[in-house]
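Chemist: This one is work36.cif, mmCIF, C-alpha atoms.
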data_run
#
loop_
_atom_site.group_PDB
_atom_site.id
_atom_site.type_symbol
_atom_site.label_atom_id
_atom_site.label_comp_id
_atom_site.auth_asym_id
_atom_site.auth_seq_id
_atom_site.Cartn_x
_atom_site.Cartn_y
_atom_site.Cartn_z
ATOM 1 C CA MET A 28 113.493 133.511 122.161
ATOM 2 C CA ASP A 29 114.702 132.294 118.769
ATOM 3 C CA GLN A 30 111.483 133.201 116.954
ATOM 4 C CA LEU A 31 112.286 131.335 113.733
ATOM 5 C CA LEU A 32 113.118 128.161 115.654
ATOM 6 C CA ALA A 33 109.938 128.587 117.706
ATOM 7 C CA ILE A 34 107.843 128.976 114.544
ATOM 8 C CA ARG A 35 109.367 125.838 113.067
ATOM 9 C CA ALA A 36 108.791 123.959 116.325
ATOM 10 C CA PHE A 37 105.142 125.034 116.405
ATOM 11 C CA ALA A 38 104.677 124.029 112.751
ATOM 12 C CA ARG A 39 106.052 120.558 113.411
ATOM 13 C CA VAL A 40 103.640 120.055 116.318
ATOM 14 C CA VAL A 41 100.754 121.019 114.031
ATOM 15 C CA GLU A 42 101.953 118.641 111.310
ATOM 16 C CA ALA A 43 102.861 115.751 113.600
ATOM 17 C CA GLY A 44 99.778 116.007 115.796
ATOM 18 C CA ASN A 45 101.679 115.683 119.072
ATOM 19 C CA PHE A 46 104.779 116.989 120.823
ATOM 20 C CA THR A 47 106.662 113.697 121.006
ATOM 21 C CA ARG A 48 106.696 112.995 117.270
ATOM 22 C CA ALA A 49 107.442 116.643 116.529
ATOM 23 C CA ALA A 50 110.391 116.640 118.940
ATOM 24 C CA ASP A 51 111.741 113.411 117.433
ATOM 25 C CA SER A 52 111.553 114.838 113.908
ATOM 26 C CA LEU A 53 113.461 117.952 114.998
ATOM 27 C CA ASP A 54 116.005 115.977 117.048
ATOM 28 C CA MET A 55 115.337 118.018 120.175
ATOM 29 C CA PRO A 56 114.107 117.148 123.678
ATOM 30 C CA ASN A 57 110.358 117.253 124.235
ATOM 31 C CA ALA A 58 110.829 119.765 127.040
ATOM 32 C CA THR A 59 112.738 122.132 124.743
ATOM 33 C CA LEU A 60 110.020 121.937 122.119
ATOM 34 C CA SER A 61 107.285 122.631 124.661
ATOM 35 C CA LYS A 62 109.244 125.624 126.011
ATOM 36 C CA LEU A 63 109.632 127.092 122.506
ATOM 37 C CA VAL A 64 105.903 126.842 121.833
ATOM 38 C CA ARG A 65 105.020 128.382 125.208
ATOM 39 C CA GLU A 66 107.426 131.270 124.564
ATOM 40 C CA LEU A 67 105.917 131.802 121.127
ATOM 41 C CA GLU A 68 102.403 131.907 122.597
ATOM 42 C CA ALA A 69 103.556 134.377 125.267
ATOM 43 C CA HIS A 70 105.220 136.535 122.609
ATOM 44 C CA LEU A 71 102.023 136.617 120.522
ATOM 45 C CA GLY A 72 99.638 136.825 123.450
ATOM 46 C CA VAL A 73 97.364 134.106 122.033
ATOM 47 C CA ARG A 74 96.833 130.389 122.567
ATOM 48 C CA LEU A 75 98.066 128.500 119.493
ATOM 49 C CA LEU A 76 97.516 124.948 120.705
ATOM 50 C CA GLN A 77 94.903 123.341 122.921
ATOM 51 C CA ARG A 78 96.578 120.666 125.037
ATOM 52 C CA THR A 79 94.940 117.758 126.831
ATOM 53 C CA THR A 80 96.419 114.622 128.366
ATOM 54 C CA ARG A 81 95.529 112.660 125.228
ATOM 55 C CA ARG A 82 95.946 114.991 122.273
ATOM 56 C CA VAL A 83 96.971 118.367 120.910
ATOM 57 C CA SER A 84 94.615 120.384 118.715
ATOM 58 C CA VAL A 85 95.170 123.660 116.896
ATOM 59 C CA THR A 86 93.148 126.705 117.903
ATOM 60 C CA PRO A 87 91.641 128.917 115.172
ATOM 61 C CA GLU A 88 94.335 131.505 115.925
ATOM 62 C CA GLY A 89 96.969 128.784 115.755
ATOM 63 C CA LEU A 90 95.747 127.580 112.364
ATOM 64 C CA ASP A 91 95.798 131.133 111.003
ATOM 65 C CA TYR A 92 99.312 131.678 112.362
ATOM 66 C CA TYR A 93 100.489 128.319 110.951
ATOM 67 C CA GLU A 94 99.233 129.163 107.455
ATOM 68 C CA LYS A 95 100.716 132.666 107.413
ATOM 69 C CA THR A 96 104.108 131.777 108.886
ATOM 70 C CA GLY A 97 104.306 128.683 106.691
ATOM 71 C CA ARG A 98 104.580 130.862 103.624
ATOM 72 C CA LEU A 99 107.361 132.901 105.215
ATOM 73 C CA VAL A 100 109.313 129.801 106.265
ATOM 74 C CA ARG A 101 109.019 128.317 102.765
ATOM 75 C CA ASP A 102 110.255 131.578 101.237
ATOM 76 C CA LEU A 103 113.255 131.528 103.579
ATOM 77 C CA GLU A 104 113.940 127.881 102.736
ATOM 78 C CA ASP A 105 113.766 128.740 99.024
ATOM 79 C CA ILE A 106 116.470 131.363 99.568
ATOM 80 C CA ASP A 107 118.633 128.896 101.493
ATOM 81 C CA THR A 108 118.085 126.251 98.826
ATOM 82 C CA SER A 109 119.120 128.583 96.023
ATOM 83 C CA PHE A 110 122.430 129.293 97.780
ATOM 84 C CA ASN A 111 123.021 125.605 98.506
ATOM 85 C CA ALA A 112 122.236 124.737 94.898
ATOM 86 C CA ALA A 113 124.653 127.375 93.669
ATOM 87 C CA ARG A 114 127.399 125.840 95.796
ATOM 88 C CA GLY A 115 126.392 122.377 94.572
ATOM 89 C CA ASN A 116 126.631 120.725 97.979
ATOM 90 C CA PRO A 117 123.213 119.614 99.270
ATOM 91 C CA ARG A 118 123.462 118.474 102.854
ATOM 92 C CA GLY A 119 121.365 117.167 105.697
ATOM 93 C CA LYS A 120 119.171 114.167 106.449
ATOM 94 C CA LEU A 121 116.591 112.556 104.178
ATOM 95 C CA ARG A 122 113.834 110.423 105.674
ATOM 96 C CA ILE A 123 112.640 107.932 103.053
ATOM 97 C CA ASP A 124 110.093 105.131 103.306
ATOM 98 C CA VAL A 125 110.023 102.201 100.866
ATOM 99 C CA GLY A 126 108.459 98.744 100.587
ATOM 100 C CA GLY A 127 110.354 95.640 101.673
ATOM 101 C CA SER A 128 111.352 93.992 98.395
ATOM 102 C CA THR A 129 111.887 97.359 96.679
ATOM 103 C CA ALA A 130 114.305 98.340 99.443
ATOM 104 C CA ARG A 131 116.182 95.027 99.332
ATOM 105 C CA ASP A 132 116.377 94.479 95.579
ATOM 106 C CA VAL A 133 116.191 97.941 94.007
ATOM 107 C CA LEU A 134 116.952 100.941 96.218
ATOM 108 C CA ILE A 135 119.604 99.721 98.681
ATOM 109 C CA PRO A 136 121.873 98.194 95.991
ATOM 110 C CA ALA A 137 121.747 101.541 94.160
ATOM 111 C CA LEU A 138 122.344 103.795 97.198
ATOM 112 C CA PRO A 139 126.170 103.621 97.107
ATOM 113 C CA ASP A 140 126.031 105.593 93.846
ATOM 114 C CA PHE A 141 123.805 108.288 95.374
ATOM 115 C CA LEU A 142 125.840 108.600 98.578
ATOM 116 C CA ALA A 143 129.053 108.820 96.586
ATOM 117 C CA ARG A 144 127.604 111.685 94.557
ATOM 118 C CA TYR A 145 126.261 113.509 97.617
ATOM 119 C CA PRO A 146 128.537 112.746 100.591
ATOM 120 C CA ASP A 147 126.956 115.427 102.796
ATOM 121 C CA ILE A 148 123.506 113.780 102.703
ATOM 122 C CA SER A 149 122.565 111.101 105.228
ATOM 123 C CA ILE A 150 119.541 108.818 104.926
ATOM 124 C CA ASP A 151 117.092 107.381 107.447
ATOM 125 C CA LEU A 152 115.377 104.528 105.589
ATOM 126 C CA GLY A 153 112.050 103.203 106.796
ATOM 127 C CA VAL A 154 111.259 99.792 105.291
ATOM 128 C CA SER A 155 107.655 98.607 105.365
ATOM 129 C CA ASP A 156 104.852 97.793 102.962
ATOM 130 C CA ARG A 157 102.412 99.605 105.224
ATOM 131 C CA PRO A 158 101.380 103.168 104.318
ATOM 132 C CA VAL A 159 102.939 105.987 106.329
ATOM 133 C CA ASP A 160 101.738 109.459 107.268
ATOM 134 C CA LEU A 161 104.259 111.648 105.458
ATOM 135 C CA ILE A 162 103.366 114.761 107.443
ATOM 136 C CA GLY A 163 102.837 113.208 110.854
ATOM 137 C CA ASP A 164 105.838 110.893 110.614
ATOM 138 C CA SER A 165 108.056 113.645 109.150
ATOM 139 C CA VAL A 166 108.952 111.564 106.097
ATOM 140 C CA ASP A 167 110.411 113.446 103.135
ATOM 141 C CA CYS A 168 109.220 110.994 100.504
ATOM 142 C CA VAL A 169 108.009 107.445 99.957
ATOM 143 C CA ILE A 170 108.580 105.036 97.084
ATOM 144 C CA ARG A 171 105.495 102.975 96.349
ATOM 145 C CA GLY A 172 104.016 100.861 93.595
ATOM 146 C CA GLY A 173 100.470 100.785 92.275
ATOM 147 C CA PRO A 174 97.690 103.340 91.755
ATOM 148 C CA LEU A 175 97.670 106.511 93.820
ATOM 149 C CA ASP A 176 94.499 108.027 95.231
ATOM 150 C CA ASN A 177 95.674 110.797 97.557
ATOM 151 C CA SER A 178 95.340 114.133 95.782
ATOM 152 C CA SER A 179 97.148 115.955 98.603
ATOM 153 C CA LEU A 180 100.422 114.323 97.542
ATOM 154 C CA VAL A 181 102.751 114.930 94.631
ATOM 155 C CA ALA A 182 103.695 111.774 92.722
ATOM 156 C CA ARG A 183 106.315 111.311 90.013
ATOM 157 C CA GLN A 184 106.616 108.002 88.218
ATOM 158 C CA ILE A 185 110.095 106.519 88.436
ATOM 159 C CA GLY A 186 109.595 103.276 86.544
ATOM 160 C CA GLN A 187 107.445 100.264 85.781
ATOM 161 C CA ALA A 188 108.232 96.887 87.288
ATOM 162 C CA ARG A 189 107.741 93.703 85.289
ATOM 163 C CA MET A 190 105.583 91.040 86.954
ATOM 164 C CA VAL A 191 105.948 87.262 86.863
ATOM 165 C CA THR A 192 103.854 84.291 87.962
ATOM 166 C CA CYS A 193 105.913 81.440 89.411
ATOM 167 C CA ALA A 194 106.187 78.469 91.766
ATOM 168 C CA THR A 195 108.801 75.952 92.884
ATOM 169 C CA PRO A 196 109.632 72.937 90.685
ATOM 170 C CA ALA A 197 108.395 70.630 93.456
ATOM 171 C CA TYR A 198 105.024 72.370 93.579
ATOM 172 C CA LEU A 199 104.612 72.185 89.801
ATOM 173 C CA LYS A 200 105.577 68.518 89.812
ATOM 174 C CA GLN A 201 102.887 67.793 92.389
ATOM 175 C CA PHE A 202 100.064 69.994 91.091
ATOM 176 C CA GLY A 203 100.915 70.376 87.403
ATOM 177 C CA VAL A 204 101.842 73.351 85.217
ATOM 178 C CA PRO A 205 98.810 75.470 84.287
ATOM 179 C CA ALA A 206 98.555 76.414 80.603
ATOM 180 C CA TYR A 207 95.809 79.047 80.999
ATOM 181 C CA PRO A 208 94.990 81.490 83.824
ATOM 182 C CA ASP A 209 91.577 79.900 84.464
ATOM 183 C CA GLU A 210 93.296 76.666 85.476
ATOM 184 C CA LEU A 211 94.422 78.412 88.675
ATOM 185 C CA LYS A 212 90.840 78.030 89.911
ATOM 186 C CA ASN A 213 91.006 74.248 89.723
ATOM 187 C CA GLY A 214 92.971 72.697 92.567
ATOM 188 C CA HIS A 215 95.929 75.088 92.581
ATOM 189 C CA ARG A 216 97.168 76.747 95.739
ATOM 190 C CA LEU A 217 97.540 80.507 95.431
ATOM 191 C CA ILE A 218 99.680 82.787 97.585
ATOM 192 C CA SER A 219 97.968 86.176 97.583
ATOM 193 C CA TYR A 220 99.514 89.508 98.402
ATOM 194 C CA LEU A 221 97.281 91.254 100.956
ATOM 195 C CA SER A 222 96.927 95.014 100.903
ATOM 196 C CA PRO A 223 98.719 96.310 104.030
ATOM 197 C CA GLN A 224 96.088 99.050 104.185
ATOM 198 C CA SER A 225 92.813 97.198 103.633
ATOM 199 C CA GLY A 226 93.776 93.557 104.212
ATOM 200 C CA ARG A 227 92.118 92.549 100.930
ATOM 201 C CA ALA A 228 93.876 90.176 98.553
ATOM 202 C CA PHE A 229 95.100 91.533 95.250
ATOM 203 C CA PRO A 230 93.764 89.423 92.369
ATOM 204 C CA PHE A 231 96.100 87.577 90.012
ATOM 205 C CA ARG A 232 96.120 89.648 86.818
ATOM 206 C CA PHE A 233 96.980 88.503 83.291
ATOM 207 C CA GLU A 234 97.134 90.116 79.848
ATOM 208 C CA ARG A 235 97.550 88.741 76.339
ATOM 209 C CA LYS A 236 97.016 90.623 73.073
ATOM 210 C CA GLY A 237 94.672 93.101 74.706
ATOM 211 C CA GLU A 238 92.704 90.468 76.646
ATOM 212 C CA LYS A 239 92.678 90.969 80.418
ATOM 213 C CA ILE A 240 91.859 88.330 83.019
ATOM 214 C CA GLU A 241 91.580 88.614 86.803
ATOM 215 C CA ILE A 242 91.621 85.547 89.032
ATOM 216 C CA LYS A 243 90.043 86.112 92.450
ATOM 217 C CA SER A 244 89.972 82.528 93.690
ATOM 218 C CA GLU A 245 90.262 81.840 97.408
ATOM 219 C CA HIS A 246 93.944 81.828 98.357
ATOM 220 C CA ARG A 247 95.643 79.126 100.404
ATOM 221 C CA ILE A 248 97.773 81.724 102.178
ATOM 222 C CA GLY A 249 97.843 85.517 102.164
ATOM 223 C CA VAL A 250 100.843 87.690 103.072
ATOM 224 C CA ASN A 251 100.975 91.476 103.525
ATOM 225 C CA GLU A 252 104.758 92.003 103.225
ATOM 226 C CA SER A 253 106.607 91.630 99.932
ATOM 227 C CA ASN A 254 109.719 89.761 101.126
ATOM 228 C CA ALA A 255 107.608 87.285 103.123
ATOM 229 C CA HIS A 256 105.267 86.950 100.139
ATOM 230 C CA LEU A 257 108.158 85.705 97.995
ATOM 231 C CA ALA A 258 109.458 83.532 100.847
ATOM 232 C CA ALA A 259 106.118 81.730 100.934
ATOM 233 C CA ALA A 260 106.551 80.775 97.277
ATOM 234 C CA LEU A 261 110.124 79.609 97.882
ATOM 235 C CA ALA A 262 108.803 77.409 100.685
ATOM 236 C CA GLY A 263 106.624 75.611 98.135
ATOM 237 C CA LEU A 264 103.328 76.864 99.532
ATOM 238 C CA GLY A 265 101.877 77.643 96.129
ATOM 239 C CA ILE A 266 101.841 79.945 93.106
ATOM 240 C CA VAL A 267 102.813 83.566 93.524
ATOM 241 C CA GLN A 268 102.596 86.643 91.339
ATOM 242 C CA THR A 269 105.341 89.092 92.166
ATOM 243 C CA PHE A 270 107.922 91.514 90.780
ATOM 244 C CA ARG A 271 110.507 90.216 88.343
ATOM 245 C CA TYR A 272 113.265 92.079 90.181
ATOM 246 C CA ALA A 273 112.370 90.249 93.415
ATOM 247 C CA ALA A 274 111.997 86.761 91.938
ATOM 248 C CA GLY A 275 114.833 87.092 89.405
ATOM 249 C CA PRO A 276 117.659 85.534 91.484
ATOM 250 C CA ALA A 277 115.503 82.551 92.498
ATOM 251 C CA LEU A 278 114.412 82.067 88.879
ATOM 252 C CA ALA A 279 118.031 82.143 87.739
ATOM 253 C CA ARG A 280 118.991 79.520 90.338
ATOM 254 C CA GLY A 281 116.068 77.287 89.389
ATOM 255 C CA GLU A 282 114.440 77.614 92.808
ATOM 256 C CA LEU A 283 111.377 79.086 91.113
ATOM 257 C CA VAL A 284 109.949 78.480 87.631
ATOM 258 C CA GLU A 285 107.975 81.094 85.734
ATOM 259 C CA ILE A 286 104.626 79.892 84.412
ATOM 260 C CA LEU A 287 101.973 81.358 82.098
ATOM 261 C CA THR A 288 104.680 83.256 80.231
ATOM 262 C CA LYS A 289 102.252 84.122 77.417
ATOM 263 C CA TRP A 290 99.947 85.755 79.977
ATOM 264 C CA ARG A 291 102.231 88.144 81.835
ATOM 265 C CA PRO A 292 100.584 90.900 83.891
ATOM 266 C CA ALA A 293 100.881 94.517 82.786
ATOM 267 C CA PRO A 294 103.914 96.384 84.187
ATOM 268 C CA TYR A 295 103.381 97.824 87.662
ATOM 269 C CA PRO A 296 104.038 101.582 88.017
ATOM 270 C CA PHE A 297 106.251 102.911 90.807
ATOM 271 C CA HIS A 298 106.227 106.493 92.088
ATOM 272 C CA VAL A 299 108.153 108.716 94.430
ATOM 273 C CA VAL A 300 105.595 110.576 96.529
ATOM 274 C CA TYR A 301 105.927 113.656 98.742
ATOM 275 C CA PRO A 302 103.564 116.234 100.326
ATOM 276 C CA ASN A 303 102.492 119.099 98.099
ATOM 277 C CA ASN A 304 102.401 121.576 100.991
ATOM 278 C CA ARG A 305 105.974 120.985 102.124
ATOM 279 C CA HIS A 306 109.013 122.772 100.803
ATOM 280 C CA VAL A 307 111.125 120.579 98.523
ATOM 281 C CA SER A 308 114.626 120.907 99.918
ATOM 282 C CA HIS A 309 117.702 120.816 97.727
ATOM 283 C CA ARG A 310 118.640 117.399 99.102
ATOM 284 C CA LEU A 311 115.175 115.985 98.323
ATOM 285 C CA ARG A 312 115.242 117.518 94.863
ATOM 286 C CA VAL A 313 118.569 115.893 93.965
ATOM 287 C CA PHE A 314 117.365 112.570 95.388
ATOM 288 C CA ILE A 315 114.222 112.640 93.250
ATOM 289 C CA ASN A 316 116.216 113.583 90.163
ATOM 290 C CA TRP A 317 118.635 110.732 90.875
ATOM 291 C CA LEU A 318 115.732 108.290 91.258
ATOM 292 C CA MET A 319 114.252 109.397 87.945
ATOM 293 C CA ALA A 320 117.557 108.868 86.138
ATOM 294 C CA TYR A 321 118.931 105.799 87.898
ATOM 295 C CA LEU A 322 116.099 103.523 88.994
ATOM 296 C CA PRO A 323 113.988 102.831 85.876
ATOM 297 C CA ALA A 324 116.605 100.365 84.586
ATOM 298 C CA LYS A 325 116.530 98.511 87.929
ATOM 299 C CA PHE A 326 112.871 97.553 87.516
#
Using structure tokens, write down the structure from this file.
Modeler:
Amino acid sequence: MDQLLAIRAFARVVEAGNFTRAADSLDMPNATLSKLVRELEAHLGVRLLQRTTRRVSVTPEGLDYYEKTGRLVRDLEDIDTSFNAARGNPRGKLRIDVGGSTARDVLIPALPDFLARYPDISIDLGVSDRPVDLIGDSVDCVIRGGPLDNSSLVARQIGQARMVTCATPAYLKQFGVPAYPDELKNGHRLISYLSPQSGRAFPFRFERKGEKIEIKSEHRIGVNESNAHLAAALAGLGIVQTFRYAAGPALARGELVEILTKWRPAPYPFHVVYPNNRHVSHRLRVFINWLMAYLPAKF
């Protein structure tokens, strides 16, 4: 038995919550993973996992073993990382998750620079506005905007995105150009962005000289994905509040017109987020450092 491989296999099952996701994250067959865990249990003479047809749970002995071996594995990874860093050639796969419009308009256009700097790193990019389970889905990091409320994660701010309020010229010709935020409550059609997590609509927010206004009027249409949210505005369905980087090309072409320019929302913070109990590999470290240096100007 390769004990180190077996320990890592067991740890991934604990983190992923089932054998299938753990095997996928380790790029090994499910049968191989199961065999490694069984061999580890036989070697230790204890049951580490309780298996049923529906789920896998960790026994008290398994949890104790996971916590103790986790420290050893992280120490070993620190040693490996220090040698890789000394050679200056981080390698391996990064699994990154990012929202739709941020992927399209910010991250993907910048990735050629990163991949040119680090040719031995490959990237699996998950694109969705929905929240992901970083541990269970074996994701190295996510890039997300807005407030963060999960204290079990490490977050580093990478920039602040400017926000704009806009609509098509045809819509504004039909319904008029509002001069004040409160006018949005009177006959205007709003396109709300719906939280992918809760399903609730984000209010339209405005600021001017320290005054803050939130508009929570009933929306005509709600969308929970950022690219589709902008597409709804381009289709003339109503007024949208979105990121300047996403709407910029359409504004430049005249397909959208910015309104309420004296009442722009406050900038929207973006963070790179990763688990605080997972070792930060050399490849993840250089990616985060690159994000911090390269992306702020893209927002």
Chemist: Between atom CA of A:Ile148 and atom CA of A:Val313, measure the distance and give it in Å to one decimal.
Modeler: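 Rounded to one decimal, the two atoms are 10.3 Å apart.
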Chemist: Interatomic distance between atom CA of A:Pro323 and atom CA of A:Pro296?
Modeler: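 It comes out at 10.3 Å.
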Chemist: Can you work out the spacing between atom CA of A:Ile266 and atom CA of A:Gln184 in Å, to one decimal?
Modeler: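 Computed distance, atom CA of A:Ile266 to atom CA of A:Gln184, equals 28.9 Å.
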Chemist: Need the shell around A:Arg48: protein/DNA/RNA residues with any atom at most 9 Å away, counting only C-alpha atoms. Skip same-chain ones fewer than 5 positions apart. Format as a list of chain:residue names?
Modeler: A:Arg39, A:Val40, A:Ala43, A:Leu53, A:Asn57, A:Gly163, A:Asp164, A:Ser165
Chemist: Return the single residue from A:Ala194, A:Ile315, A:Asn303, A:Arg232 that is closest to A:Ile286, with distances computed using only C-alpha atoms.
Modeler: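 Smallest distance to A:Ile286 is found for A:Ala194.
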Chemist: Run the PyMOL selection byres ((chain A and resi 167) around 9) on the file and write out the hits as an mmCIF file with C-alpha atoms, in the frame of the given file.
Modeler:
data_model
loop_
_atom_site.group_PDB
_atom_site.id
_atom_site.type_symbol
_atom_site.label_atom_id
_atom_site.label_comp_id
_atom_site.auth_asym_id
_atom_site.auth_seq_id
_atom_site.Cartn_x
_atom_site.Cartn_y
_atom_site.Cartn_z
ATOM 1 C CA LEU A 121 116.591 112.556 104.178
ATOM 2 C CA ARG A 122 113.834 110.423 105.674
ATOM 3 C CA ILE A 123 112.640 107.932 103.053
ATOM 4 C CA ASP A 124 110.093 105.131 103.306
ATOM 5 C CA LEU A 161 104.259 111.648 105.458
ATOM 6 C CA ILE A 162 103.366 114.761 107.443
ATOM 7 C CA SER A 165 108.056 113.645 109.150
ATOM 8 C CA VAL A 166 108.952 111.564 106.097
ATOM 9 C CA CYS A 168 109.220 110.994 100.504
ATOM 10 C CA VAL A 169 108.009 107.445 99.957
ATOM 11 C CA VAL A 300 105.595 110.576 96.529
ATOM 12 C CA TYR A 301 105.927 113.656 98.742
ATOM 13 C CA PRO A 302 103.564 116.234 100.326
ATOM 14 C CA ARG A 305 105.974 120.985 102.124
ATOM 15 C CA VAL A 307 111.125 120.579 98.523
ATOM 16 C CA LEU A 311 115.175 115.985 98.323
#
Chemist: From the options A:Glu282, A:Glu234, A:Asp160, A:Glu245, which residue's atoms come nearest to A:Leu261, counting all atoms listed in the file?
Modeler: A:Glu282
Chemist: Using all atoms listed in the file, which of the listed residues (A:Leu75, A:Ala293, A:Val154, A:Val250) sits closest to A:Arg235?
Modeler: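 Ranked by minimum distance to A:Arg235, first place goes to A:Ala293.
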Chemist: Which residue, A:Asp156, A:Glu238, A:Asp151, A:Glu210, has the smallest gap to A:Ser52 when you use all atoms listed in the file?
Modeler: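 Checking each candidate against A:Ser52, we get A:Asp151 as the closest.
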Chemist: Can you sort out the box for stretch 296-311 of chain A, edges along x, y and z, all listed atoms in, 6 Å on every side, with centre and edge lengths in Å to one decimal, as lines of an AutoDock Vina configuration file?
Modeler:
center_x = 110.5
center_y = 112.2
center_z = 95.1
size_x = 28.2
size_y = 33.2
size_z = 26.1
Chemist: Which of these, A:Thr269, A:Thr288, A:Gln224, A:Asn45, has the shortest distance to A:Ser61 once you count only C-alpha atoms?
Modeler: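 Once distances to A:Ser61 are computed over only C-alpha atoms, the minimum belongs to A:Asn45.
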Chemist: Got a sec to resolve the PyMOL selection byres ((chain A and resi 264) around 8) on this structure and send the residues as a PyMOL selection string?
Modeler: chain A and resi 198+216-218+248+259-263+265-266
Chemist: Residue by residue, what does the PyMOL selection byres ((chain A and resi 227) around 12) grab here? Present the result as JSON, numbers by chain.
Modeler: {"A": [219, 220, 221, 222, 223, 224, 225, 226, 228, 229, 230, 243, 245, 246, 249, 250, 251]}
Chemist: Give me the residues within 6 Å of A:Phe297 as a PyMOL selection string, counting all atoms listed in the file and dropping any in the same chain fewer than 5 places off.
Modeler: chain A and resi 171-172+184-187
Chemist: Those selected residues, please, written with C-alpha atoms and delivered as an mmCIF file, in the coordinates of the input.
Modeler:
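Result file part_35.cif:
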data_model
loop_
_atom_site.group_PDB
_atom_site.id
_atom_site.type_symbol
_atom_site.label_atom_id
_atom_site.label_comp_id
_atom_site.auth_asym_id
_atom_site.auth_seq_id
_atom_site.Cartn_x
_atom_site.Cartn_y
_atom_site.Cartn_z
ATOM 1 C CA ARG A 171 105.495 102.975 96.349
ATOM 2 C CA GLY A 172 104.016 100.861 93.595
ATOM 3 C CA GLN A 184 106.616 108.002 88.218
ATOM 4 C CA ILE A 185 110.095 106.519 88.436
ATOM 5 C CA GLY A 186 109.595 103.276 86.544
ATOM 6 C CA GLN A 187 107.445 100.264 85.781
#
Chemist: Taking into account only C-alpha atoms, which residue in the set A:Val204, A:Val85, A:Ala197, A:Leu32 is nearest to A:Leu60?
Modeler: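 Between A:Val204, A:Val85, A:Ala197, A:Leu32, the residue approaching A:Leu60 most closely is A:Leu32.
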Chemist: Name the residues, using the chain letters and numbers of the file, that sit within 10 Å of (99.5, 124.9, 129.0) when counting only C-alpha atoms, and give them as an NGL selection string.
Modeler: :A and (61 or 64-65 or 68 or 74 or 76-79)
Chemist: Give me the residues near A:Tyr321 as a ChimeraX atom specification, where near means some atom within 12 Å (using only C-alpha atoms) and where sequence neighbours in that chain fewer than 2 positions away do not count.
Modeler: /A:133-134,136-141,185-186,313-319,323-326
Chemist: Do you know which residues lie at most 12 Å from (93.3, 132.5, 114.7), with coordinates as in the file and all atoms listed in the file counted, and could you write them as a count of residues only?
Modeler: 17
